[in-house]
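See structure below.
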Protein chains: 4
Amino acid sequence: MIIVLKKNTNPEEVQKLIADIESMGNIKANTIVGEQSNVIGLVGDTTRLNEDDIAANEIVESVKRVQEPYKMANRKFHPDDTVIEVPSVNGPVRIGGDRFQIIAGPCSVESAEQITEVAKAVKQSGANLLRGGAFKPRTSPYAFQGLHSQGIRLLLKAKEETGLPIVTEIMSPAHLPLFEEVDVIQVGARNMQNFELLKELGSVKKPILLKRGLANTLEELLMSAEYIMASGNPNVILCERGIRTFETATRNTLDLSAIPMLKRASHLPVIVDPSHACGLAWMVEPMAKAAAAVGADGLIIEVHNNPQKALCDGKQSITPAAFDSLVRTVRPFVELNGKTL
Amino acid sequence: MIIVLKKNTNPEEVQKLIADIESMGNIKANTIVGEQSNVIGLVGDTTRLNEDDIAANEIVESVKRVQEPYKMANRKFHPDDTVIEVPSVNGPVRIGGDRFQIIAGPCSVESAEQITEVAKAVKQSGANLLRGGAFKPRTSPYAFQGLHSQGIRLLLKAKEETGLPIVTEIMSPAHLPLFEEVDVIQVGARNMQNFELLKELGSVKKPILLKRGLANTLEELLMSAEYIMASGNPNVILCERGIRTFETATRNTLDLSAIPMLKRASHLPVIVDPSHACGLAWMVEPMAKAAAAVGADGLIIEVHNNPQKALCDGKQSITPAAFDSLVRTVRPFVELNGKTL
Amino acid sequence: MIIVLKKNTNPEEVQKLIADIESMGNIKANTIVGEQSNVIGLVGDTTRLNEDDIAANEIVESVKRVQEPYKMANRKFHPDDTVIEVPSVNGPVRIGGDRFQIIAGPCSVESAEQITEVAKAVKQSGANLLRGGAFKPRTSPYAFQGLHSQGIRLLLKAKEETGLPIVTEIMSPAHLPLFEEVDVIQVGARNMQNFELLKELGSVKKPILLKRGLANTLEELLMSAEYIMASGNPNVILCERGIRTFETATRNTLDLSAIPMLKRASHLPVIVDPSHACGLAWMVEPMAKAAAAVGADGLIIEVHNNPQKALCDGKQSITPAAFDSLVRTVRPFVELNGKTL
Amino acid sequence: MIIVLKKNTNPEEVQKLIADIESMGNIKANTIVGEQSNVIGLVGDTTRLNEDDIAANEIVESVKRVQEPYKMANRKFHPDDTVIEVPSVNGPVRIGGDRFQIIAGPCSVESAEQITEVAKAVKQSGANLLRGGAFKPRTSPYAFQGLHSQGIRLLLKAKEETGLPIVTEIMSPAHLPLFEEVDVIQVGARNMQNFELLKELGSVKKPILLKRGLANTLEELLMSAEYIMASGNPNVILCERGIRTFETATRNTLDLSAIPMLKRASHLPVIVDPSHACGLAWMVEPMAKAAAAVGADGLIIEVHNNPQKALCDGKQSITPAAFDSLVRTVRPFVELNGKTL
């Protein structure tokens with residue numbers, strides 16, 4: 001960490017600041033004297049130091065972090081790709097490394113017929129995991145909020161019939177008991193910094209699919225992963241799903257540069273959600289190809305057997321037939337990157 | 001709601017869409033035939049309709065909402081300002097209407113001495129409510145997370161000594177029992193769309209201070225207020241605290257146009273948090289003056305007796321002396337708008 | 001265009017508004033009467049109407065455009081892909097349709113040796129056009145501003161030696177005489193809405209490479225293309241080069257969803273600049289693969305024979321060797337989309 | 001400037017980098033050796049160094065600027081407020097220092113009657129400068145583009161009749177001869193980084209009103225001011241007019257924190273344009289009050305004698321009567337800050 005001091009600072013105050021910081025642990029301070037300003041360089045473990053807290057000191061002009069503030073999610077301390085195994089009746093489904101996995105299913109679970117029909121179709125086309133919302137975060141309190149525990153029961157039934165492990169979103173730590181048989185627990189974009197929820201998920205041993213918040217930086221996403229990991233659960237899958245920008249032609253702006261950046265910074269697997277990012281069914285396939293090309297470890301895609309009648313997010317759902325075509329189209333892009341779908 | 005249809009749509013499909021929509025309640029559809037496209041205008045109560053769900057229909061080009069999607073928070077159905085009363089030993093503290101209230105206190109409660117000292121000081125200067133964090137949302141799992149239940153106990157002690165009602169943030173529905181004696185419960189920016197938390201707060205009768213999320217529109221803020229209100233609690237105070245933009249000179253960008261916009265759209269009181277918005281102690285006073293001038297109903301300000309030693313957010317905290325000066329400076333701006341501080 | 005009127009509007013004022021609008025050309029107004037509000041639907045050519053001007057009317061609540069405001073750039077009126085031909089000694093270089101072209105070269109032209117060396121190398125690897133800045137827009141007046149007319153002379157020399165047509169940026173209409181032998185004139189992101197420059201470029205018959213502004217919507221980009229086309233020059237190549245968002249890990253955020261969106265809305269070719277978008281040399285290749293996969297018509301890439309000594313933007317420049325490897329890597333992604341590189 | 005080096009860098013390469021940098025002028029490098037990384041601190045005049053160019057070096061991890069990159073606009077080297085004098089028949093109009101000036105007038109000059117009528121009205125109410133667009137930057141090539149030289153003639157006529165100095169926008173260096181009798185030349189938001197235009201305006205001795213671009217940081221705004229100043233014209237007035245964010249309730253987001261930030265960083269006067277920022281006539285007055293309260297040196301406000309018939313931007317224009325009321329309302333806020341209107 002680099003601390004730039006204001007001009008003409010009192011040497012005693014500088015010494016006091018250095019003593020304060022060094023007292024916080026295994027940290028050593030070095031000073032450079034300049035014309036316009038002096039600089040203190042900190043070496044050692046600065047993970048627990050907060051830039052803004054140091055910047056609060058009256059003699060400090062600005063602070064720059066050099067080391068990343070995350071450790072367990074950091075590739076520097078864990079150079080190999082993490083591969084997460086989701087158990088299934090047909091053997092473990094592996095996410096990360098040289099595998100490319102597709103998670104598919106409807107935005108919301110609506111009925112036994114709907115979820116089972118979609119599950120069979122997407123399995124047939126090549127998906128290895130089934131998604132479906134039972135608890136739905138909706139902007140309006142008057143919109144359909146999901147079937148809750150009944151939705152999870154219907155997902156489990158579809159899992160029984162197809163063998164596909166299931167992925168579904170949690171919205172409150174209080175609902176955890178309902179997720180006992182869920183295979184992958186999803187944390188939605190709006191809850192990426194619901195730290196109480198993240199800490200609870202650290203006590204679970206299941207894989208957590210952590211979506212990037214609409215206005216969160218990649219560093220913040222990794223810090224949220226760090227919350228789960230530091231609480232005891234190393235099985236985190238990161239997901240880019242579009243960020244909020246000024247552009248209104250798409251629902252959000254899919255930030256595909258996030259994939260190489262996250263994979264360089266971290267060893268965790270990274271998947272892409274083109275459905276929520278763009279909000280337009282016709283755009284899912286081209287963005288899925290781009291995600292495969294840029295090096296993602298998989299996709300999560302909304303598939304509905306009747307998008308026009310979907311109880312939520314029909315606008316961005318594709319039909320099972322379109323999904324089948326998408327998988328065929330995307331596969332060679334995946335293989336060009338040396339991965340298998 | 002206005003539905004623009006694609007060119008050359010099949011009249012039967014249009015009739016089917018109209019029948020579907022009209023079957024959803026007290027809604028009537030009218031059609032305009034154009035050259036490039038046809039348009040359906042819906043009249044009646046469209047609160048339960050979701051634009052995107054309708055847009056999922058293949059024959060639909062785009063959808064435009066005309067009525068606001070919120071009802072209970074809407075000034076159209078409640079023309080008078082809502083004034084929220086916070087009980088206190090010195091009589092109720094009123095927020096909204098012609099009152100201007102200042103909530104002040106440290107970012108985090110750190111010790112009995114700290115919180116009581118700050119409480120006495122800010123009361124003396126003119127604050128009518130005491131803030132202090134017991135549960136702190138921090139980006140890093142390694143940063144100080146607050147004193148939790150002990151923090152609330154210390155706040156209650158400071159309340160006992162000063163008579164100031166207390167405002168503190170909740171991070172999980174599971175913590176609600178600890179908030180029984182808290183006077184105003186704050187929902188932080190990161191939890192603005194934690195819908196499970198919002199619904200729980202609908203069952204509480206206390207005032208809720210709802211902060212705008214970093215990347216949330218004003219309509220979304222009002223929809224989150226609607227969640228609390230529709231769940232049974234009409235006592236919502238809105239708070240603008242800065243949005244995330246490309247600018248890095250300030251921590252966030254304080255959107256003061258939000259104040260007149262929210263007050264025109266809604267009857268709920270609106271306060272401003274210049275401390276978190278800018279993240280710089282020296283900027284709190286000028287932004288507080290601007291907030292008073294633009295018509296806010298109050299301020300929430302971080303005050304710490306020793307900002308350089310603050311366990312969190314010291315960079316933006318002001319001293320009790322600076323707070324005293326701020327209140328004196330802001331008062332005449334408040335009075336020019338016909339309010340009393 | 002759809003005009004939503006305020007509640008309880010005076011019928012006479014509505015008639016006056018309708019008469020005003022209909023007097024502006026081949027436009028017909030239809031009215032729908034609703035409970036909360038009335039709506040006027042306009043049919044005919046609304047290209048010349050401005051939403052905000054109509055919204056200025058006291059009886060108007062809001063306005064929604066249904067038809068796109070651009071005509072010549074609109075695919076609706078020109079369904080086939082435009083293919084732009086850049087003449088060269090080795091026959092025309094075609095941009096658009098089933099071709100994928102790579103434009104490569106240094107950020108700035110620095111010397112005869114540098115530009116010729118880079119030109120030969122990138123030609124060898126598969127680039128068909130040479131880029132190089134002679135006029136450089138720099139944030140700081142103290143930074144290197146380019147070699148100006150000398151830079152163009154050196155580019156022409158490199159063209160003579162390699163046969164590669166040249167692409168270089170214009171910053172002022174006054175410099176047009178210097179661009180007489182330039183093959184493709186580039187308009188940089190900062191000048192995307194320099195309308196006087198755009199109008200001047202309408203009188204030129206050369207292809208114009210128009211870069212999207214850092215904070216401009218896709219509709220605004222197409223309107224800037226429309227400026228050039230409406231002024232007489234139909235040869236516009238669009239370029240996505242990253243937009244400004246809150247994320248700081250990359251210089252800008254490359255919006256790859258812009259490619260399918262622009263190609264659906266317009267018949268003009270669309271290329272991608274991964275170098276400027278991300279600002280990081282190591283990220284150019286993965287983003288180039290993604291651009292090829294998503295359906296772009298080409299790339300523009302910064303290549304420097306000694307990035308560490310580059311007079312500008314070295315951070316994002318790749319070496320000729322890295323470029324050679326990039327072309328080999330990208331080619332199969334291009335071919336999967338049925339294009340040839 | 002602080003240069004953070006990568007781990008395990010070759011000492012010879014570090015020495016080479018240091019030698020390269022020190023050869024660029026009056027700069028001295030100091031090194032700190034750390035565990036995770038080494039750091040070089042540069043002291044001396046680093047204005048000509050570009051962070052990204054240094055970051056291009058393979059051994060460099062990251063670079064942090066400590067000194068501001070602007071000099072002539074920097075308050076550090078010019079502690080007193082700059083007061084700009086605009087000559088007028090009634091004595092100089094002073095902008096900056098303890099004066100608060102209002103510039104008012106229509107978006108576009110439309111006719112002699114219109115501009116003269118508005119000029120007389122705004123003068124009567126307290127405006128000391130008249131604005132009016134003769135060259136109008138419009139997103140659409142089909143929209144009204146202004147009356148050009150005729151528009152300037154009409155402004156000069158209104159100046160003759162009222163004595164008000166005139167402010168009008170320039171869009172191209174080629175138009176400069178037409179601006180000979182214009183008192184203040186405005187550079188619009190879209191041209192804030194039209195560097196060729198800025199350099200030309202350095203050769204003019206008139207005051208330049210420089211508007212912040214829609215997606216430009218405050219540092220970039222000051223660098224654009226530096227372009228004009230370094231080219232010979234010290235008379236720059238800065239103008240905050242709203243930035244582009246995700247929020248759609250207002251046209252742009254007025255960033256009032258820019259005012260105290262710019263006034264701390266620079267000695268130049270700073271005014272606010274609430275009309276363009278919000279795009280809504282009813283919001284001009286509350287935002288004008290906030291601008292006065294936050295410490296701005298003035299306002300620029302759109303006033304039209306018939307907003308509903310305005311050829312451009314009527315939606316945000318206020319009537320002369322509303323302007324008169326605004327001035328009365330704003331004056332006491334100005335005076336509370338010790339300025340005179």
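By order of appearance in the structure tokens: chains A, B, ..., then residues from 1 within every chain, and ligands from 1 in the order shown.
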> Excluding same-chain residues fewer than 2 positions from stretch 121-134 of chain A, what lies within 8 Å of it counting only C-alpha atoms, as a PyMOL selection string?
Replying inline: chain A and resi 93+101-109+115+117-119+136+146-152+155+159+162+164-169+300+303+320+323-324+327+341
Can you spit out the residues from that selection as a compact mmCIF listing (two decimals), in the first residue's frame, using N, CA, C and O atoms?
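Output file selection.txt follows:
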```
# COMPACT_ATOMS: atom_id res chain seq x y z
N VAL A 93 -20.79 -33.60 -12.29
CA VAL A 93 -20.72 -32.58 -13.35
C VAL A 93 -19.62 -31.62 -12.92
O VAL A 93 -19.68 -31.05 -11.82
N GLN A 101 -19.78 -25.96 -19.32
CA GLN A 101 -21.09 -26.48 -18.90
C GLN A 101 -22.20 -25.48 -19.23
O GLN A 101 -22.01 -24.27 -19.07
N ILE A 102 -23.33 -26.03 -19.63
CA ILE A 102 -24.50 -25.16 -19.85
C ILE A 102 -25.58 -25.49 -18.83
O ILE A 102 -25.97 -26.65 -18.66
N ILE A 103 -26.02 -24.44 -18.13
CA ILE A 103 -27.12 -24.52 -17.19
C ILE A 103 -28.32 -23.92 -17.91
O ILE A 103 -28.22 -22.81 -18.42
N ALA A 104 -29.41 -24.65 -17.98
CA ALA A 104 -30.55 -24.12 -18.74
C ALA A 104 -31.85 -24.42 -18.01
O ALA A 104 -31.94 -25.33 -17.19
N GLY A 105 -32.87 -23.63 -18.34
CA GLY A 105 -34.18 -23.82 -17.73
C GLY A 105 -34.94 -22.51 -17.69
O GLY A 105 -34.42 -21.48 -18.09
N PRO A 106 -36.17 -22.58 -17.20
CA PRO A 106 -37.03 -21.39 -17.21
C PRO A 106 -36.64 -20.40 -16.12
O PRO A 106 -36.05 -20.79 -15.11
N CYS A 107 -37.01 -19.15 -16.33
CA CYS A 107 -36.82 -18.13 -15.31
C CYS A 107 -37.50 -18.59 -14.04
O CYS A 107 -36.87 -18.71 -13.00
N SER A 108 -38.80 -18.90 -14.13
CA SER A 108 -39.57 -19.36 -12.96
C SER A 108 -40.09 -20.76 -13.20
O SER A 108 -40.51 -21.10 -14.30
N VAL A 109 -40.11 -21.56 -12.13
CA VAL A 109 -40.84 -22.82 -12.16
C VAL A 109 -42.32 -22.48 -12.08
O VAL A 109 -42.73 -21.72 -11.19
N ILE A 115 -41.76 -27.56 -15.99
CA ILE A 115 -40.34 -27.73 -15.61
C ILE A 115 -39.81 -29.07 -16.11
O ILE A 115 -38.66 -29.17 -16.58
N GLU A 117 -40.91 -30.81 -18.75
CA GLU A 117 -40.78 -30.74 -20.21
C GLU A 117 -39.52 -29.98 -20.61
O GLU A 117 -38.75 -30.45 -21.46
N VAL A 118 -39.30 -28.84 -19.98
CA VAL A 118 -38.10 -28.07 -20.31
C VAL A 118 -36.84 -28.85 -19.92
O VAL A 118 -35.86 -28.91 -20.67
N ALA A 119 -36.87 -29.51 -18.74
CA ALA A 119 -35.70 -30.26 -18.27
C ALA A 119 -35.31 -31.35 -19.26
O ALA A 119 -34.13 -31.51 -19.61
N LYS A 136 -38.37 -15.58 -6.58
CA LYS A 136 -38.03 -14.64 -7.65
C LYS A 136 -37.92 -13.21 -7.13
O LYS A 136 -38.92 -12.67 -6.64
N GLY A 146 -42.87 -16.20 -7.60
CA GLY A 146 -42.36 -17.58 -7.58
C GLY A 146 -43.25 -18.49 -6.74
O GLY A 146 -44.07 -18.03 -5.94
N LEU A 147 -43.05 -19.82 -6.93
CA LEU A 147 -43.88 -20.81 -6.21
C LEU A 147 -43.27 -21.21 -4.87
O LEU A 147 -43.80 -22.08 -4.18
N HIS A 148 -42.11 -20.65 -4.53
CA HIS A 148 -41.44 -20.90 -3.25
C HIS A 148 -41.21 -22.41 -3.03
O HIS A 148 -40.71 -23.08 -3.93
N SER A 149 -41.54 -22.93 -1.84
CA SER A 149 -41.18 -24.33 -1.54
C SER A 149 -41.79 -25.30 -2.57
O SER A 149 -41.16 -26.28 -2.95
N GLN A 150 -42.95 -24.97 -3.06
CA GLN A 150 -43.56 -25.84 -4.09
C GLN A 150 -42.69 -25.84 -5.36
O GLN A 150 -42.53 -26.88 -6.01
N GLY A 151 -42.14 -24.69 -5.68
CA GLY A 151 -41.24 -24.60 -6.84
C GLY A 151 -40.03 -25.51 -6.67
O GLY A 151 -39.60 -26.19 -7.62
N ILE A 152 -39.47 -25.52 -5.47
CA ILE A 152 -38.30 -26.38 -5.22
C ILE A 152 -38.72 -27.86 -5.35
O ILE A 152 -38.00 -28.66 -5.94
N LEU A 155 -38.86 -28.73 -8.95
CA LEU A 155 -37.50 -28.87 -9.49
C LEU A 155 -36.91 -30.24 -9.13
O LEU A 155 -36.28 -30.90 -9.97
N LYS A 159 -35.59 -33.19 -11.48
CA LYS A 159 -34.26 -33.78 -11.29
C LYS A 159 -34.38 -35.30 -11.24
O LYS A 159 -33.57 -36.02 -11.85
N THR A 162 -34.93 -36.62 -14.74
CA THR A 162 -33.90 -36.42 -15.77
C THR A 162 -32.48 -36.70 -15.27
O THR A 162 -31.57 -36.86 -16.08
N LEU A 164 -30.73 -34.50 -13.91
CA LEU A 164 -29.98 -33.23 -13.93
C LEU A 164 -29.92 -32.61 -12.54
O LEU A 164 -30.96 -32.40 -11.91
N PRO A 165 -28.73 -32.24 -12.06
CA PRO A 165 -28.66 -31.47 -10.81
C PRO A 165 -29.34 -30.11 -11.01
O PRO A 165 -29.40 -29.60 -12.15
N ILE A 166 -29.84 -29.53 -9.93
CA ILE A 166 -30.60 -28.29 -10.06
C ILE A 166 -29.92 -27.08 -9.42
O ILE A 166 -29.20 -27.19 -8.44
N VAL A 167 -30.17 -25.93 -10.05
CA VAL A 167 -29.61 -24.64 -9.63
C VAL A 167 -30.79 -23.71 -9.38
O VAL A 167 -31.62 -23.53 -10.28
N THR A 168 -30.88 -23.14 -8.18
CA THR A 168 -31.98 -22.21 -7.94
C THR A 168 -31.56 -21.15 -6.95
O THR A 168 -30.63 -21.33 -6.17
N GLU A 169 -32.24 -19.99 -7.03
CA GLU A 169 -31.81 -18.81 -6.29
C GLU A 169 -32.35 -18.75 -4.88
O GLU A 169 -33.52 -19.06 -4.64
N ILE A 300 -25.36 -19.82 -18.57
CA ILE A 300 -26.64 -20.08 -17.92
C ILE A 300 -27.67 -19.39 -18.79
O ILE A 300 -27.57 -18.19 -19.07
N VAL A 303 -34.63 -20.93 -20.81
CA VAL A 303 -35.36 -21.68 -21.84
C VAL A 303 -36.77 -21.90 -21.30
O VAL A 303 -36.94 -22.33 -20.16
N PRO A 320 -37.14 -24.42 -26.47
CA PRO A 320 -36.25 -25.58 -26.50
C PRO A 320 -35.63 -25.79 -27.89
O PRO A 320 -34.44 -26.15 -27.99
N PHE A 323 -32.86 -23.38 -28.25
CA PHE A 323 -31.75 -23.79 -27.38
C PHE A 323 -30.95 -24.92 -28.03
O PHE A 323 -29.72 -24.92 -28.00
N ASP A 324 -31.66 -25.85 -28.63
CA ASP A 324 -30.98 -26.97 -29.28
C ASP A 324 -30.05 -26.45 -30.38
O ASP A 324 -28.90 -26.86 -30.50
N VAL A 327 -26.93 -24.73 -28.86
CA VAL A 327 -25.86 -25.62 -28.38
C VAL A 327 -25.01 -26.11 -29.55
O VAL A 327 -23.78 -26.12 -29.50
N LEU A 341 -17.71 -29.45 -24.39
CA LEU A 341 -19.09 -29.15 -23.98
C LEU A 341 -19.85 -30.46 -24.02
O LEU A 341 -19.86 -31.14 -25.04
```
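Residues of stretch 182-317 of chain D carrying a DSSP assignment of strand (DSSP E or B), computed from the backbone, are Val184, Ile185, Gln186, Val187, Ile208, Leu209, Leu210, Lys211, Val236, Ile237, Leu238, Cys239, Glu240, Ile243, Thr253, Asp255, Ser266, Val270, Ile271, Val272, Gly298, Leu299, Ile300, Ile301, Glu302 and Val303 of chain D.
The residues of chain B lying at most 7 Å from chain D, with only C-alpha atoms taken into account, are Thr217, Thr245, Glu247, Thr253, Leu254, Asp255, Ser257, Pro286, Met287, Lys289, Ala290, Ala291, Ala293, Val294 and Phe333 of chain B.
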Once you have the residues from the selection above, write them out as a compact mmCIF listing (two decimals), in the first residue's frame, restricted to all heavy atoms.
```txt
# COMPACT_ATOMS: atom_id res chain seq x y z
N THR B 217 -32.68 3.25 -10.10
CA THR B 217 -33.43 4.41 -10.56
C THR B 217 -34.38 4.87 -9.45
O THR B 217 -34.66 4.12 -8.51
CB THR B 217 -34.27 4.06 -11.79
OG1 THR B 217 -35.21 3.06 -11.43
CG2 THR B 217 -33.39 3.55 -12.93
N THR B 245 -21.25 6.38 -10.79
CA THR B 245 -21.07 6.88 -12.15
C THR B 245 -19.60 6.67 -12.53
O THR B 245 -18.84 6.08 -11.77
CB THR B 245 -21.40 8.38 -12.23
OG1 THR B 245 -20.41 9.12 -11.50
CG2 THR B 245 -22.77 8.69 -11.65
N GLU B 247 -17.43 9.02 -12.71
CA GLU B 247 -16.58 10.02 -12.05
C GLU B 247 -15.89 9.41 -10.83
O GLU B 247 -16.53 8.73 -10.04
CB GLU B 247 -17.42 11.22 -11.63
CG GLU B 247 -16.66 12.31 -10.88
CD GLU B 247 -15.53 12.94 -11.71
OE1 GLU B 247 -15.81 13.66 -12.65
OE2 GLU B 247 -14.34 12.67 -11.39
N THR B 253 -21.77 9.91 -6.94
CA THR B 253 -22.26 11.20 -7.42
C THR B 253 -23.61 11.48 -6.75
O THR B 253 -24.57 10.75 -6.97
CB THR B 253 -22.42 11.16 -8.95
OG1 THR B 253 -21.13 10.91 -9.54
CG2 THR B 253 -22.97 12.47 -9.50
N LEU B 254 -23.66 12.51 -5.91
CA LEU B 254 -24.91 12.84 -5.22
C LEU B 254 -25.89 13.40 -6.25
O LEU B 254 -25.60 14.39 -6.91
CB LEU B 254 -24.64 13.87 -4.11
CG LEU B 254 -25.85 14.21 -3.23
CD1 LEU B 254 -26.34 12.98 -2.47
CD2 LEU B 254 -25.52 15.31 -2.22
N ASP B 255 -27.03 12.74 -6.39
CA ASP B 255 -28.02 13.13 -7.39
C ASP B 255 -29.08 14.00 -6.73
O ASP B 255 -30.12 13.51 -6.30
CB ASP B 255 -28.64 11.87 -8.00
CG ASP B 255 -29.76 12.18 -8.99
OD1 ASP B 255 -29.92 13.36 -9.37
OD2 ASP B 255 -30.47 11.25 -9.38
N SER B 257 -31.04 16.14 -8.05
CA SER B 257 -32.30 16.27 -8.79
C SER B 257 -33.29 15.20 -8.34
O SER B 257 -34.49 15.29 -8.59
CB SER B 257 -32.05 16.18 -10.30
OG SER B 257 -31.48 14.93 -10.63
N PRO B 286 -20.86 21.97 2.04
CA PRO B 286 -21.48 22.55 0.83
C PRO B 286 -22.61 21.68 0.27
O PRO B 286 -23.64 22.21 -0.17
CB PRO B 286 -20.31 22.68 -0.16
CG PRO B 286 -19.16 21.93 0.43
CD PRO B 286 -19.40 21.86 1.90
N MET B 287 -22.48 20.36 0.33
CA MET B 287 -23.54 19.52 -0.21
C MET B 287 -24.77 19.55 0.71
O MET B 287 -25.91 19.43 0.24
CB MET B 287 -23.04 18.08 -0.42
CG MET B 287 -21.91 17.96 -1.44
SD MET B 287 -22.06 18.95 -2.96
CE MET B 287 -23.35 18.05 -3.83
N LYS B 289 -25.76 22.21 2.36
CA LYS B 289 -26.45 23.46 2.00
C LYS B 289 -27.28 23.26 0.73
O LYS B 289 -28.43 23.70 0.65
CB LYS B 289 -25.43 24.59 1.76
CG LYS B 289 -24.70 25.03 3.02
CD LYS B 289 -23.94 26.34 2.80
CE LYS B 289 -22.72 26.17 1.91
NZ LYS B 289 -21.96 27.42 1.75
N ALA B 290 -26.70 22.58 -0.25
CA ALA B 290 -27.41 22.36 -1.51
C ALA B 290 -28.64 21.49 -1.28
O ALA B 290 -29.70 21.72 -1.87
CB ALA B 290 -26.48 21.71 -2.54
N ALA B 291 -28.52 20.50 -0.40
CA ALA B 291 -29.66 19.61 -0.12
C ALA B 291 -30.79 20.40 0.54
O ALA B 291 -31.97 20.21 0.21
CB ALA B 291 -29.21 18.46 0.78
N ALA B 293 -31.31 23.59 0.17
CA ALA B 293 -31.83 24.53 -0.81
C ALA B 293 -32.75 23.84 -1.82
O ALA B 293 -33.73 24.42 -2.30
CB ALA B 293 -30.67 25.22 -1.55
N VAL B 294 -32.46 22.61 -2.15
CA VAL B 294 -33.23 21.93 -3.20
C VAL B 294 -34.55 21.39 -2.67
O VAL B 294 -35.40 20.94 -3.45
CB VAL B 294 -32.37 20.82 -3.84
CG1 VAL B 294 -32.50 19.49 -3.12
CG2 VAL B 294 -32.70 20.65 -5.32
N PHE B 333 -30.52 28.36 5.08
CA PHE B 333 -30.93 27.81 3.78
C PHE B 333 -32.25 27.04 3.94
O PHE B 333 -33.13 27.11 3.09
CB PHE B 333 -29.84 26.87 3.22
CG PHE B 333 -28.62 27.59 2.73
CD1 PHE B 333 -27.55 27.85 3.58
CD2 PHE B 333 -28.54 28.03 1.42
CE1 PHE B 333 -26.42 28.54 3.14
CE2 PHE B 333 -27.41 28.71 0.97
CZ PHE B 333 -26.35 28.97 1.83
```
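Straight-line separation from atom CA of A:Ala143 to atom CA of A:His175: 20.2 Å.
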> Among stretch 240-300 of chain D, which ones does DSSP place in alpha helix (DSSP H), written as a list of chain:residue names?
Replying inline: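 Here are the alpha helix (DSSP H) residues of stretch 240-300 of chain D: D:Ala258, D:Ile259, D:Pro260, D:Met261, D:Leu262, D:Lys263, D:Arg264, D:Ala265, D:Pro274, D:Ser275, D:His276, D:Ala277, D:Cys278, D:Val284, D:Glu285, D:Pro286, D:Met287, D:Ala288, D:Lys289, D:Ala290, D:Ala291, D:Ala292, D:Ala293, D:Val294.
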Mind writing the picked residues with C-alpha atoms as a PDB file, in the first residue's frame?
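Below you can see part.pdb, which holds the result:
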```pdb
ATOM      1  CA  ALA D 258     -18.467  19.172  -9.160  1.00  0.00           C
ATOM      2  CA  ILE D 259     -18.754  22.785  -7.997  1.00  0.00           C
ATOM      3  CA  PRO D 260     -16.876  22.552  -4.663  1.00  0.00           C
ATOM      4  CA  MET D 261     -14.463  20.050  -6.230  1.00  0.00           C
ATOM      5  CA  LEU D 262     -13.614  22.313  -9.196  1.00  0.00           C
ATOM      6  CA  LYS D 263     -13.325  25.401  -7.021  1.00  0.00           C
ATOM      7  CA  ARG D 264     -10.908  23.587  -4.713  1.00  0.00           C
ATOM      8  CA  ALA D 265      -8.806  22.254  -7.593  1.00  0.00           C
ATOM      9  CA  PRO D 274     -29.723  23.415 -14.714  1.00  0.00           C
ATOM     10  CA  SER D 275     -31.793  23.604 -17.923  1.00  0.00           C
ATOM     11  CA  HIS D 276     -29.771  21.154 -19.999  1.00  0.00           C
ATOM     12  CA  ALA D 277     -28.870  18.963 -17.037  1.00  0.00           C
ATOM     13  CA  CYS D 278     -32.426  18.058 -16.077  1.00  0.00           C
ATOM     14  CA  VAL D 284     -34.876  24.489 -13.198  1.00  0.00           C
ATOM     15  CA  GLU D 285     -35.733  26.570 -10.138  1.00  0.00           C
ATOM     16  CA  PRO D 286     -34.998  24.011  -7.385  1.00  0.00           C
ATOM     17  CA  MET D 287     -31.718  23.050  -9.060  1.00  0.00           C
ATOM     18  CA  ALA D 288     -30.810  26.744  -9.475  1.00  0.00           C
ATOM     19  CA  LYS D 289     -31.300  27.238  -5.734  1.00  0.00           C
ATOM     20  CA  ALA D 290     -29.080  24.244  -5.023  1.00  0.00           C
ATOM     21  CA  ALA D 291     -26.413  25.544  -7.401  1.00  0.00           C
ATOM     22  CA  ALA D 292     -26.411  28.903  -5.626  1.00  0.00           C
ATOM     23  CA  ALA D 293     -26.223  27.200  -2.225  1.00  0.00           C
ATOM     24  CA  VAL D 294     -23.335  24.915  -3.181  1.00  0.00           C
TER      25      VAL D 294
END
```
